[in-house]
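Structure file upload25.pdb; described as PDB, C-alpha atoms and all ligand atoms.
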```pdb
ATOM      1  CA  MET A  24     166.454 128.624  69.497
ATOM      2  CA  ILE A  25     164.682 125.282  69.840
ATOM      3  CA  HIS A  26     165.124 122.818  66.964
ATOM      4  CA  THR A  27     163.043 119.697  66.506
ATOM      5  CA  LEU A  28     164.224 116.460  64.924
ATOM      6  CA  THR A  29     161.871 113.915  63.364
ATOM      7  CA  THR A  30     163.732 111.008  61.815
ATOM      8  CA  ASN A  31     160.522 109.433  60.492
ATOM      9  CA  PRO A  32     157.968 112.120  59.535
ATOM     10  CA  ALA A  33     154.571 111.295  58.055
ATOM     11  CA  ILE A  34     151.659 112.663  56.157
ATOM     12  CA  ASP A  35     148.704 112.010  58.430
ATOM     13  CA  MET A  36     145.665 110.942  56.428
ATOM     14  CA  ASN A  37     142.534 111.159  58.563
ATOM     15  CA  ILE A  38     139.530 109.340  57.129
ATOM     16  CA  GLN A  39     136.215 107.978  58.371
ATOM     17  CA  THR A  40     134.321 104.981  57.094
ATOM     18  CA  SER A  41     131.075 106.122  55.503
ATOM     19  CA  LYS A  42     129.019 103.483  57.303
ATOM     20  CA  GLY A  43     130.601 104.022  60.728
ATOM     21  CA  GLU A  44     132.069 100.505  60.859
ATOM     22  CA  LEU A  45     134.987  98.594  59.404
ATOM     23  CA  VAL A  46     133.854  95.385  57.732
ATOM     24  CA  PRO A  47     136.454  92.680  56.932
ATOM     25  CA  ASP A  48     136.636  91.347  53.376
ATOM     26  CA  ALA A  49     134.394  94.164  52.100
ATOM     27  CA  VAL A  50     134.856  97.503  50.356
ATOM     28  CA  ASN A  51     134.830 100.079  53.141
ATOM     29  CA  ARG A  52     134.210 103.408  51.443
ATOM     30  CA  CYS A  53     135.592 106.374  53.349
ATOM     31  CA  GLN A  54     134.865 110.097  53.538
ATOM     32  CA  ASP A  55     136.062 113.377  55.039
ATOM     33  CA  ALA A  56     139.731 112.843  54.157
ATOM     34  CA  VAL A  57     142.105 115.376  55.702
ATOM     35  CA  TYR A  58     145.793 115.264  54.784
ATOM     36  CA  SER A  59     148.367 117.106  56.880
ATOM     37  CA  PRO A  60     152.153 117.321  57.068
ATOM     38  CA  ASN A  61     153.058 115.730  60.376
ATOM     39  CA  GLY A  62     155.454 113.649  62.390
ATOM     40  CA  LYS A  63     156.016 114.077  66.094
ATOM     41  CA  GLY A  64     158.765 116.713  66.065
ATOM     42  CA  LEU A  65     157.032 118.703  63.328
ATOM     43  CA  ASN A  66     153.914 118.783  65.473
ATOM     44  CA  VAL A  67     155.980 120.209  68.339
ATOM     45  CA  SER A  68     157.336 122.907  66.002
ATOM     46  CA  PHE A  69     153.841 123.782  64.711
ATOM     47  CA  THR A  70     152.635 124.155  68.288
ATOM     48  CA  LEU A  71     155.620 126.291  69.270
ATOM     49  CA  ALA A  72     154.952 128.487  66.218
ATOM     50  CA  HIS A  73     151.339 128.953  67.270
ATOM     51  CA  TYR A  74     152.569 130.338  70.589
ATOM     52  CA  GLY A  75     155.049 132.670  68.932
ATOM     53  CA  CYS A  76     158.166 130.572  69.612
ATOM     54  CA  GLN A  77     160.426 130.256  66.635
ATOM     55  CA  SER A  78     161.862 126.793  66.027
ATOM     56  CA  GLN A  79     163.489 124.971  63.158
ATOM     57  CA  ILE A  80     162.470 121.561  61.847
ATOM     58  CA  LEU A  81     165.118 118.941  61.082
ATOM     59  CA  GLY A  82     164.380 115.535  59.619
ATOM     60  CA  PHE A  83     164.786 113.017  56.816
ATOM     61  CA  PHE A  84     162.386 113.351  53.886
ATOM     62  CA  GLY A  85     161.945 111.448  50.628
ATOM     63  CA  GLY A  86     159.727 111.251  47.553
ATOM     64  CA  PHE A  87     156.481 113.098  46.825
ATOM     65  CA  THR A  88     155.312 112.669  50.406
ATOM     66  CA  GLY A  89     158.523 114.171  51.739
ATOM     67  CA  ASP A  90     158.152 117.156  49.380
ATOM     68  CA  TYR A  91     154.540 117.657  50.508
ATOM     69  CA  ILE A  92     155.598 117.737  54.170
ATOM     70  CA  VAL A  93     158.551 120.094  53.649
ATOM     71  CA  GLU A  94     156.428 122.488  51.561
ATOM     72  CA  GLY A  95     153.523 122.369  54.018
ATOM     73  CA  ALA A  96     155.729 122.843  57.083
ATOM     74  CA  ARG A  97     157.458 125.840  55.472
ATOM     75  CA  LYS A  98     154.158 127.735  55.624
ATOM     76  CA  THR A  99     154.715 128.148  59.381
ATOM     77  CA  CYS A 100     158.256 127.071  60.255
ATOM     78  CA  SER A 101     161.787 127.026  58.979
ATOM     79  CA  VAL A 102     162.772 123.552  57.708
ATOM     80  CA  ASP A 103     166.297 122.221  57.121
ATOM     81  CA  PRO A 104     165.661 118.819  55.479
ATOM     82  CA  ILE A 105     168.027 115.999  54.623
ATOM     83  CA  TYR A 106     166.684 114.150  51.585
ATOM     84  CA  VAL A 107     166.857 110.364  51.331
ATOM     85  CA  ASP A 108     166.009 108.021  48.461
ATOM     86  CA  GLY A 109     162.869 106.326  49.795
ATOM     87  CA  ILE A 110     159.332 107.642  50.144
ATOM     88  CA  THR A 111     158.299 109.262  53.421
ATOM     89  CA  ARG A 112     155.427 107.346  54.987
ATOM     90  CA  ILE A 113     151.736 108.033  55.314
ATOM     91  CA  THR A 114     149.997 107.362  58.615
ATOM     92  CA  VAL A 115     146.380 106.341  58.115
ATOM     93  CA  LEU A 116     144.160 107.455  60.984
ATOM     94  CA  LEU A 117     140.877 105.720  60.396
ATOM     95  CA  ARG A 118     137.737 106.370  62.394
ATOM     96  CA  ALA A 119     135.012 103.743  62.184
ATOM     97  CA  GLY A 120     132.180 104.913  64.390
ATOM     98  CA  GLN A 121     133.569 105.175  67.915
ATOM     99  CA  VAL A 122     136.700 103.165  67.103
ATOM    100  CA  GLU A 123     140.012 104.745  66.102
ATOM    101  CA  TYR A 124     142.629 102.844  64.070
ATOM    102  CA  THR A 125     146.149 104.307  63.777
ATOM    103  CA  MET A 126     148.269 102.782  61.011
ATOM    104  CA  PRO A 127     151.703 104.361  60.553
ATOM    105  CA  GLY A 128     153.674 103.188  57.511
ATOM    106  CA  ALA A 129     157.268 102.022  57.983
ATOM    107  CA  GLY A 130     158.899 105.116  56.517
ATOM    108  CA  ALA A 131     161.840 105.853  54.253
ATOM    109  CA  PHE A 132     165.146 104.036  54.824
ATOM    110  CA  VAL A 133     167.829 106.323  56.241
ATOM    111  CA  PRO A 134     171.361 105.157  55.363
ATOM    112  CA  VAL A 135     174.267 105.565  57.775
ATOM    113  CA  GLU A 136     175.735 108.389  55.637
ATOM    114  CA  ALA A 137     172.533 110.440  56.045
ATOM    115  CA  GLN A 138     172.559 109.764  59.792
ATOM    116  CA  GLN A 139     176.143 111.038  60.010
ATOM    117  CA  GLU A 140     175.150 114.077  57.936
ATOM    118  CA  MET A 141     172.407 114.832  60.469
ATOM    119  CA  LEU A 142     174.848 114.569  63.386
ATOM    120  CA  SER A 143     177.259 116.943  61.610
ATOM    121  CA  LYS A 144     174.403 119.332  60.857
ATOM    122  CA  VAL A 145     173.350 119.387  64.509
ATOM    123  CA  ARG A 146     176.955 119.937  65.612
ATOM    124  CA  GLU A 147     177.212 122.971  63.331
ATOM    125  CA  LEU A 148     173.790 124.570  63.902
ATOM    126  CA  GLU A 149     174.019 128.219  64.774
ATOM    127  CA  GLY A 150     172.103 129.284  67.854
ATOM    128  CA  LEU A 151     171.089 125.770  68.879
ATOM    129  CA  GLU A 152     169.849 125.928  72.475
ATOM    130  CA  CYS A 153     167.682 122.843  72.622
ATOM    131  CA  LEU A 154     166.925 119.876  70.370
ATOM    132  CA  VAL A 155     163.569 118.126  70.762
ATOM    133  CA  THR A 156     163.838 114.630  69.258
ATOM    134  CA  SER A 157     160.479 112.959  68.768
ATOM    135  CA  GLY A 158     158.927 109.875  67.247
ATOM    136  CA  SER A 159     160.041 106.478  66.030
ATOM    137  CA  LEU A 160     163.378 105.848  64.367
ATOM    138  CA  ALA A 161     163.239 105.526  60.591
ATOM    139  CA  PRO A 162     164.121 102.167  59.022
ATOM    140  CA  GLY A 163     167.906 101.764  58.933
ATOM    141  CA  MET A 164     168.397 103.586  62.223
ATOM    142  CA  GLU A 165     169.278 102.016  65.577
ATOM    143  CA  GLY A 166     169.039 103.291  69.135
ATOM    144  CA  ASP A 167     172.727 104.143  69.215
ATOM    145  CA  PHE A 168     171.897 107.105  66.931
ATOM    146  CA  TYR A 169     170.284 108.689  70.019
ATOM    147  CA  ASP A 170     173.495 108.088  72.028
ATOM    148  CA  GLU A 171     175.582 109.800  69.362
ATOM    149  CA  LEU A 172     173.072 112.633  69.168
ATOM    150  CA  ALA A 173     173.100 113.100  72.948
ATOM    151  CA  GLY A 174     176.922 113.166  72.748
ATOM    152  CA  VAL A 175     176.845 115.909  70.096
ATOM    153  CA  LEU A 176     174.355 117.957  72.143
ATOM    154  CA  ALA A 177     176.547 117.663  75.241
ATOM    155  CA  GLU A 178     179.575 118.674  73.146
ATOM    156  CA  VAL A 179     177.899 121.876  71.879
ATOM    157  CA  GLY A 180     176.216 122.635  75.217
ATOM    158  CA  ALA A 181     172.621 122.282  73.996
ATOM    159  CA  ASP A 182     169.682 120.859  75.953
ATOM    160  CA  ALA A 183     168.213 117.517  74.928
ATOM    161  CA  VAL A 184     164.502 116.727  75.026
ATOM    162  CA  PHE A 185     163.379 113.229  74.032
ATOM    163  CA  ASP A 186     159.882 112.017  73.226
ATOM    164  CA  VAL A 187     160.730 108.608  71.831
ATOM    165  CA  SER A 188     159.031 105.254  72.227
ATOM    166  CA  SER A 189     162.243 103.234  71.758
ATOM    167  CA  THR A 190     163.207 100.887  74.589
ATOM    168  CA  HIS A 191     166.597 102.571  74.210
ATOM    169  CA  LEU A 192     165.170 105.439  76.276
ATOM    170  CA  ALA A 193     165.875 103.377  79.416
ATOM    171  CA  SER A 194     169.634 103.757  78.895
ATOM    172  CA  LEU A 195     169.442 107.104  77.068
ATOM    173  CA  VAL A 196     168.198 108.839  80.223
ATOM    174  CA  GLY A 197     171.682 108.128  81.631
ATOM    175  CA  LYS A 198     172.866 110.958  79.327
ATOM    176  CA  LYS A 199     170.854 113.349  81.536
ATOM    177  CA  PRO A 200     168.385 114.868  79.051
ATOM    178  CA  LEU A 201     166.731 118.094  80.173
ATOM    179  CA  LEU A 202     163.262 116.598  79.683
ATOM    180  CA  ILE A 203     161.603 113.392  78.550
ATOM    181  CA  LYS A 204     157.902 112.989  77.771
ATOM    182  CA  PRO A 205     156.799 109.391  78.044
ATOM    183  CA  ASN A 206     153.126 108.445  78.114
ATOM    184  CA  ASP A 207     151.843 105.904  80.603
ATOM    185  CA  ASP A 208     152.200 102.981  78.153
ATOM    186  CA  GLU A 209     155.819 103.920  77.426
ATOM    187  CA  LEU A 210     156.570 104.281  81.141
ATOM    188  CA  ARG A 211     155.338 100.727  81.638
ATOM    189  CA  ASP A 212     156.910  99.210  78.513
ATOM    190  CA  ILE A 213     160.283 100.949  78.762
ATOM    191  CA  PHE A 214     160.816 101.364  82.511
ATOM    192  CA  GLY A 215     158.418  98.731  83.896
ATOM    193  CA  LEU A 216     156.659 101.371  86.011
ATOM    194  CA  ASP A 217     152.904 101.768  86.536
ATOM    195  CA  VAL A 218     151.144 104.924  87.701
ATOM    196  CA  THR A 219     147.766 104.606  89.368
ATOM    197  CA  ASP A 220     147.785 107.499  91.890
ATOM    198  CA  ASP A 221     149.969 110.306  93.263
ATOM    199  CA  ALA A 222     152.093 107.951  95.387
ATOM    200  CA  SER A 223     152.890 105.607  92.498
ATOM    201  CA  ALA A 224     153.508 108.618  90.206
ATOM    202  CA  LEU A 225     156.036 110.018  92.659
ATOM    203  CA  ALA A 226     157.766 106.657  93.099
ATOM    204  CA  ALA A 227     157.904 106.074  89.318
ATOM    205  CA  LEU A 228     159.114 109.530  88.360
ATOM    206  CA  GLU A 229     161.691 109.572  91.189
ATOM    207  CA  LYS A 230     163.047 106.338  89.750
ATOM    208  CA  VAL A 231     163.290 107.776  86.196
ATOM    209  CA  HIS A 232     164.899 110.916  87.628
ATOM    210  CA  GLU A 233     167.450 108.779  89.486
ATOM    211  CA  LEU A 234     168.256 107.066  86.189
ATOM    212  CA  GLY A 235     169.196 110.492  84.791
ATOM    213  CA  ALA A 236     166.209 112.397  83.301
ATOM    214  CA  GLN A 237     166.334 115.899  84.797
ATOM    215  CA  ASN A 238     162.622 116.576  84.249
ATOM    216  CA  ILE A 239     159.767 114.283  83.266
ATOM    217  CA  LEU A 240     156.414 115.185  81.732
ATOM    218  CA  LEU A 241     154.237 112.081  81.962
ATOM    219  CA  THR A 242     151.110 112.206  79.810
ATOM    220  CA  MET A 243     148.267 109.770  80.464
ATOM    221  CA  GLY A 244     145.562 110.686  77.932
ATOM    222  CA  GLY A 245     142.193 110.927  79.650
ATOM    223  CA  ARG A 246     143.868 110.507  83.075
ATOM    224  CA  GLY A 247     145.764 113.798  82.856
ATOM    225  CA  ALA A 248     149.494 114.322  83.351
ATOM    226  CA  TYR A 249     152.255 114.638  85.945
ATOM    227  CA  PHE A 250     155.363 116.791  85.842
ATOM    228  CA  TYR A 251     158.353 116.051  88.075
ATOM    229  CA  ASN A 252     161.473 118.195  88.274
ATOM    230  CA  GLY A 253     163.437 116.127  90.774
ATOM    231  CA  GLU A 254     162.108 118.166  93.664
ATOM    232  CA  HIS A 255     158.406 118.794  93.174
ATOM    233  CA  LEU A 256     155.569 116.859  91.572
ATOM    234  CA  TRP A 257     152.546 118.449  89.895
ATOM    235  CA  ARG A 258     149.349 116.767  88.731
ATOM    236  CA  ALA A 259     147.232 118.229  85.915
ATOM    237  CA  SER A 260     143.697 117.175  85.100
ATOM    238  CA  ALA A 261     142.494 116.104  81.651
ATOM    239  CA  LEU A 262     139.626 117.844  79.855
ATOM    240  CA  PRO A 263     136.372 115.878  79.657
ATOM    241  CA  ILE A 264     136.308 115.769  75.846
ATOM    242  CA  LYS A 265     135.197 113.196  73.317
ATOM    243  CA  PRO A 266     138.296 112.842  71.112
ATOM    244  CA  TYR A 267     138.154 112.833  67.324
ATOM    245  CA  GLN A 268     141.690 111.401  67.055
ATOM    246  CA  THR A 269     144.283 111.158  69.795
ATOM    247  CA  ALA A 270     147.428 110.777  67.658
ATOM    248  CA  CYS A 271     148.833 114.308  67.768
ATOM    249  CA  ALA A 272     147.636 115.284  71.244
ATOM    250  CA  GLY A 273     150.870 114.297  73.000
ATOM    251  CA  ASP A 274     152.981 116.389  70.611
ATOM    252  CA  ALA A 275     150.690 119.396  71.046
ATOM    253  CA  THR A 276     150.983 118.914  74.817
ATOM    254  CA  LEU A 277     154.788 118.850  74.670
ATOM    255  CA  GLY A 278     155.060 121.847  72.320
ATOM    256  CA  ALA A 279     152.680 123.911  74.440
ATOM    257  CA  PHE A 280     154.477 122.945  77.661
ATOM    258  CA  LEU A 281     157.851 123.956  76.203
ATOM    259  CA  SER A 282     156.448 127.247  74.899
ATOM    260  CA  VAL A 283     156.081 128.386  78.521
ATOM    261  CA  TRP A 284     158.467 126.284  80.602
ATOM    262  CA  TYR A 285     161.597 126.367  78.444
ATOM    263  CA  GLU A 286     162.056 130.091  79.090
ATOM    264  CA  ASN A 287     160.601 130.125  82.619
ATOM    265  CA  ARG A 288     161.225 126.990  84.689
ATOM    266  CA  ASP A 289     159.144 128.377  87.579
ATOM    267  CA  ALA A 290     155.975 128.666  85.479
ATOM    268  CA  VAL A 291     155.087 124.976  85.755
ATOM    269  CA  GLU A 292     151.419 125.596  86.550
ATOM    270  CA  ASP A 293     150.897 127.876  83.531
ATOM    271  CA  ALA A 294     152.875 125.502  81.327
ATOM    272  CA  LEU A 295     150.757 122.523  82.396
ATOM    273  CA  LYS A 296     147.491 124.408  81.907
ATOM    274  CA  ARG A 297     148.436 125.432  78.382
ATOM    275  CA  ALA A 298     149.811 121.939  77.677
ATOM    276  CA  MET A 299     146.649 120.091  78.726
ATOM    277  CA  ALA A 300     144.384 122.591  76.969
ATOM    278  CA  THR A 301     146.359 122.409  73.726
ATOM    279  CA  GLY A 302     146.532 118.616  73.808
ATOM    280  CA  ALA A 303     142.764 118.419  74.325
ATOM    281  CA  ASN A 304     142.127 120.816  71.448
ATOM    282  CA  ALA A 305     144.380 118.728  69.175
ATOM    283  CA  ALA A 306     142.421 115.603  70.107
ATOM    284  CA  LEU A 307     139.269 117.245  68.747
ATOM    285  CA  CYS A 308     140.740 117.847  65.280
ATOM    286  CA  PRO A 309     142.596 116.063  62.499
ATOM    287  CA  GLY A 310     146.350 116.788  62.516
ATOM    288  CA  ILE A 311     147.703 119.168  65.130
ATOM    289  CA  GLY A 312     144.425 121.069  65.211
ATOM    290  CA  ASP A 313     143.229 124.643  65.075
ATOM    291  CA  PHE A 314     143.972 125.738  68.690
ATOM    292  CA  ALA A 315     140.475 127.262  68.645
ATOM    293  CA  ARG A 316     139.328 126.208  72.128
ATOM    294  CA  VAL A 317     142.622 126.472  73.997
ATOM    295  CA  GLU A 318     141.699 129.592  76.012
ATOM    296  CA  GLU A 319     138.367 128.084  77.035
ATOM    297  CA  PHE A 320     140.109 124.848  78.089
ATOM    298  CA  VAL A 321     142.931 126.573  80.006
ATOM    299  CA  ALA A 322     140.346 127.877  82.454
ATOM    300  CA  GLN A 323     139.129 124.332  83.123
ATOM    301  CA  VAL A 324     142.436 122.578  83.801
ATOM    302  CA  GLN A 325     143.190 121.874  87.475
ATOM    303  CA  VAL A 326     146.854 121.826  88.435
ATOM    304  CA  GLU A 327     147.946 120.819  91.902
ATOM    305  CA  GLN A 328     151.434 120.588  93.344
ATOM    306  CA  VAL A 329     151.237 117.283  95.164
ATOM    307  CA  ARG A 330     154.744 117.401  96.604
TER     308      ARG A 330
HETATM  309  O1  LIG A 401     155.944 106.317  64.433
HETATM  310  P1  LIG A 401     155.876 107.514  65.347
HETATM  311  O2  LIG A 401     156.903 108.521  64.981
HETATM  312  O3  LIG A 401     155.909 107.147  66.785
HETATM  313  O4  LIG A 401     154.438 108.144  65.153
HETATM  314  C1  LIG A 401     154.112 108.831  63.968
HETATM  315  C2  LIG A 401     152.817 109.531  64.133
HETATM  316  O5  LIG A 401     151.728 108.630  64.256
HETATM  317  O6  LIG A 401     152.867 110.303  65.310
HETATM  318  C3  LIG A 401     152.319 111.583  65.096
HETATM  319  C4  LIG A 401     151.382 111.906  66.180
HETATM  320  O7  LIG A 401     152.019 111.855  67.429
HETATM  321  C5  LIG A 401     151.700 111.539  63.732
HETATM  322  O8  LIG A 401     151.721 112.818  63.157
HETATM  323  C6  LIG A 401     152.541 110.536  63.028
HETATM  324  O9  LIG A 401     151.936 109.987  61.915
END
```

As structure tokens, please, write out the structure in this file.
Amino acid sequence: MIHTLTTNPAIDMNIQTSKGELVPDAVNRCQDAVYSPNGKGLNVSFTLAHYGCQSQILGFFGGFTGDYIVEGARKTCSVDPIYVDGITRITVLLRAGQVEYTMPGAGAFVPVEAQQEMLSKVRELEGLECLVTSGSLAPGMEGDFYDELAGVLAEVGADAVFDVSSTHLASLVGKKPLLIKPNDDELRDIFGLDVTDDASALAALEKVHELGAQNILLTMGGRGAYFYNGEHLWRASALPIKPYQTACAGDATLGAFLSVWYENRDAVEDALKRAMATGANAALCPGIGDFARVEEFVAQVQVEQVR
């Protein structure tokens, strides 16, 4: 079974300013608030659940916000939480007219003892085939937690998938994760690599593969995505949508991709079509979305094997 790990989950609070603008030093009244239990790995689990793939959510949770997320997530997924003393964060996703502001809180402090408890839990999980670790590290955690985690996964023979924005990813790929999912900003900031066309995508993803990542799913928002497996490179088109909020789209893309590809490594085209369609649908909704237009979108995604 796939498990997901979110060290720093969040309630996503989507709001819109009533006047369609954000005015400094003024009272900006807001409307249409939507609250949802989120965090990057949870979003992957919710997406997997939508496609009938069972997964279990792991993470650190604290306070009333942590309880809200655990309770909410349990409506669709199994959750095995570790509780910490602080208060799990809220991410404010504010829309002011055409402008989107994403404001994640810092999150609850995770002491070393809780980190060790998580590593022991992972080591002892029954039926662990793959751990998807997503999102930022909670306060109190350092990049070496990922190294220890990768060590535990290697020890128990489980696959590692990382969708993390930490600069530590540059060395973590040396542990040969099954898959990483950077976006184009992360590829530039962490690996110093830019993608402007097929040739630069191939050069960049070959480089990251040489560093150790077995497979790379590169998401680029409105510019589509590439997938490289060390041998072949595929390009997938983006949907021409007007996003409501882009925050959860990458997680929906990853979850949808895994829901096909993890069990069938040859089904890259189908996996990419579902991934792009699901990501686009998520971008139209608050939270992870309603998956309502996925089938319609699948038919519109163009996937081409470019090498
Ligand atoms: O601080 P992180 O973990 O990078 O990002 C957290 C977050 O913004 O990402 C998710 C969307 O991807 C949201 O559900 C969540 O609030």

Among the residues A:Ala129, A:Leu234, A:Ala270, A:Val145, the one that comes closest to Asn304 of chain A [using all atoms listed in the file]: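 With all atoms listed in the file as the atom set, the closest residue is A:Ala270.
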
Produce a table with one row for each residue of chain A that has an atom at most 6 Å from any atom of ligand LIG 401 (chain A), each row naming the nearest atom pair and its distance in Å at one decimal; use all atoms listed in the file; arrange rows by chain and rising residue number; format as a Markdown table.
```
| residue | atom | partner | partner_atom | distance |
| --- | --- | --- | --- | --- |
| A:Asn31 | CA | A:LIG401 | O2 | 5.8 |
| A:Ala33 | CA | A:LIG401 | O9 | 4.9 |
| A:Asp35 | CA | A:LIG401 | O9 | 5.2 |
| A:Asn61 | CA | A:LIG401 | O8 | 4.2 |
| A:Gly62 | CA | A:LIG401 | O8 | 3.9 |
| A:Lys63 | CA | A:LIG401 | C3 | 4.6 |
| A:Thr114 | CA | A:LIG401 | O9 | 4.6 |
| A:Pro127 | CA | A:LIG401 | O5 | 5.7 |
| A:Gly158 | CA | A:LIG401 | O2 | 3.3 |
| A:Ser159 | CA | A:LIG401 | O2 | 3.9 |
| A:Ala270 | CA | A:LIG401 | C4 | 4.4 |
| A:Cys271 | CA | A:LIG401 | C4 | 3.8 |
| A:Asp274 | CA | A:LIG401 | O7 | 5.6 |
```

| task | Might you spell out which residues the PyMOL selection byres (((chain A and resi 225) around 10) and not hetatm) would select in the displayed file, as a list in words? | result |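 Applied to this file, the PyMOL selection byres (((chain A and resi 225) around 10) and not hetatm) selects Val218, Asp220, Asp221, Ala222, Ser223, Ala224, Ala226, Ala227, Leu228, Glu229, Lys230, Val231, Tyr249, Phe250, Tyr251, Gly253, His255, Leu256, Trp257, Val329 and Arg330 of chain A.
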
Review point. Any chance you could work out the residue set of the PyMOL selection byres (((chain A and resi 32) around 12) and not hetatm) here, as a ChimeraX atom specification?
Key: /A:27-31,33-35,59-66,80-85,88-93,96,104-106,110-114,127-133,156-162

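Minimum distance to Ser194 of chain A across A:Gly109, A:Gly244, A:Gly235, A:Gly215 (counting only C-alpha atoms) occurs at A:Gly235.
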
(message) For the provided coordinates, the residues matched by the PyMOL selection byres (((chain A and resi 317) around 8) and not hetatm) should be stated as a PyMOL selection string.
(response) chain A and resi 297+300-301+304+314-316+318-321

Restricted to C-alpha atoms, what would the selected residues look like written as a compact mmCIF listing (two decimals), in the coordinates of the input?
```
# COMPACT_ATOMS: atom_id res chain seq x y z
CA ARG A 297 148.44 125.43 78.38
CA ALA A 300 144.38 122.59 76.97
CA THR A 301 146.36 122.41 73.73
CA ASN A 304 142.13 120.82 71.45
CA PHE A 314 143.97 125.74 68.69
CA ALA A 315 140.48 127.26 68.64
CA ARG A 316 139.33 126.21 72.13
CA GLU A 318 141.70 129.59 76.01
CA GLU A 319 138.37 128.08 77.04
CA PHE A 320 140.11 124.85 78.09
CA VAL A 321 142.93 126.57 80.01
```

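Reported to one decimal place, the separation of atom CA of Asp289 of chain A from atom CA of Asp182 of chain A is 17.4 Å.
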
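When only C-alpha atoms are used to measure the gap to Asp293 of chain A, the shortest distance among A:Ala279, A:Ala193, A:Ala306, A:Leu154 belongs to A:Ala279.
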
Edge lengths and centre in Å to one decimal, as JSON, is what I'm after for the box along x, y and z that holds all listed atoms of segment 290-307 of chain A once 4 Å is added on each side.
```
{"center_x": 147.6, "center_y": 122.1, "center_z": 77.6, "size_x": 24.7, "size_y": 21.1, "size_z": 25.8}
```

Residues near segment 281-284 of chain A, cut-off 6 Å, all atoms listed in the file, skip fewer than 4 positions along chain, as a PDB file with C-alpha atoms, in the frame of the given file:
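As a result, out-v2.pdb now contains:
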```pdb
ATOM      1  CA  LEU A  71     155.620 126.291  69.270  1.00  0.00           C
ATOM      2  CA  ARG A 288     161.225 126.990  84.689  1.00  0.00           C
ATOM      3  CA  ALA A 290     155.975 128.666  85.479  1.00  0.00           C
ATOM      4  CA  ALA A 294     152.875 125.502  81.327  1.00  0.00           C
TER       5      ALA A 294
END
```

How many Å lie between atom CA of Val291 of chain A and atom CA of Leu240 of chain A, rounded to one decimal?
->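 Computing the Euclidean distance for atom CA of Val291 of chain A and atom CA of Leu240 of chain A yields 10.7 Å.
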
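Proximity ranking of A:His73, A:Arg118, A:Lys296, A:Arg258 relative to Asp313 of chain A places A:His73 first, based on all atoms listed in the file.
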
With all atoms listed in the file counted, which protein, DNA or RNA residues have an atom no more than 12 Å from (171.1, 130.6, 72.2) in the file frame? Please answer as an MDAnalysis selection string. chainID A and resid 24:26 78 148:154 179:182 286

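Put simply, atom CA of Glu171 of chain A is 26.6 Å away from atom CA of Leu216 of chain A.
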
Task: Minimum-distance residue to Val196 of chain A, chosen among A:Glu209, A:Gln237, A:Ala305, A:Gln79 (using all atoms listed in the file) - done: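 Looking at the shortest contact to Val196 of chain A, the residue is A:Gln237.
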
Q) Closest to Lys198 of chain A among A:Asp170, A:Asp217, A:Asp186, A:Asp212, using all atoms listed in the file? A)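 Closest residue, counting all atoms listed in the file: A:Asp170.
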
Practice item. Name the residues in contact with Ser41 of chain A at a cut-off of 10 Å, using only C-alpha atoms, excluding same-chain residues fewer than 6 positions from it; report them as a ChimeraX atom specification. Key: /A:51-55,118-120

Item to complete: Fewer than 5 positions away in the same chain doesn't count, so skip those; otherwise give me all residues within 10 Å of Lys265 of chain A, counting only C-alpha atoms, as number ranges by chain.
Response: A: 121, 245, 303, 306-307

Mind filling out segment 40-47 of chain A with N, CA, C and O atoms and sending it as a CSV table (one decimal), in the coordinates of the input?
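To be explicit, this is the file written out as selection-v5.csv:
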```
chain,number,residue,atom,x,y,z
A,40,THR,N,135.1,105.9,57.9
A,40,THR,CA,134.3,105.0,57.1
A,40,THR,C,132.9,105.6,57.0
A,40,THR,O,132.4,106.1,57.9
A,41,SER,N,132.4,105.5,55.8
A,41,SER,CA,131.1,106.1,55.5
A,41,SER,C,130.0,105.5,56.3
A,41,SER,O,129.0,106.1,56.7
A,42,LYS,N,130.1,104.2,56.6
A,42,LYS,CA,129.0,103.5,57.3
A,42,LYS,C,129.3,103.4,58.8
A,42,LYS,O,128.5,102.8,59.5
A,43,GLY,N,130.4,104.0,59.3
A,43,GLY,CA,130.6,104.0,60.7
A,43,GLY,C,131.1,102.7,61.3
A,43,GLY,O,131.1,102.5,62.5
A,44,GLU,N,131.5,101.8,60.4
A,44,GLU,CA,132.1,100.5,60.9
A,44,GLU,C,133.1,100.0,59.9
A,44,GLU,O,133.2,100.5,58.7
A,45,LEU,N,134.0,99.1,60.3
A,45,LEU,CA,135.0,98.6,59.4
A,45,LEU,C,134.7,97.1,59.2
A,45,LEU,O,134.8,96.3,60.2
A,46,VAL,N,134.3,96.8,58.0
A,46,VAL,CA,133.9,95.4,57.7
A,46,VAL,C,135.0,94.6,57.0
A,46,VAL,O,135.4,95.0,56.0
A,47,PRO,N,135.4,93.5,57.6
A,47,PRO,CA,136.5,92.7,56.9
A,47,PRO,C,136.0,92.1,55.6
A,47,PRO,O,134.8,91.8,55.4
```
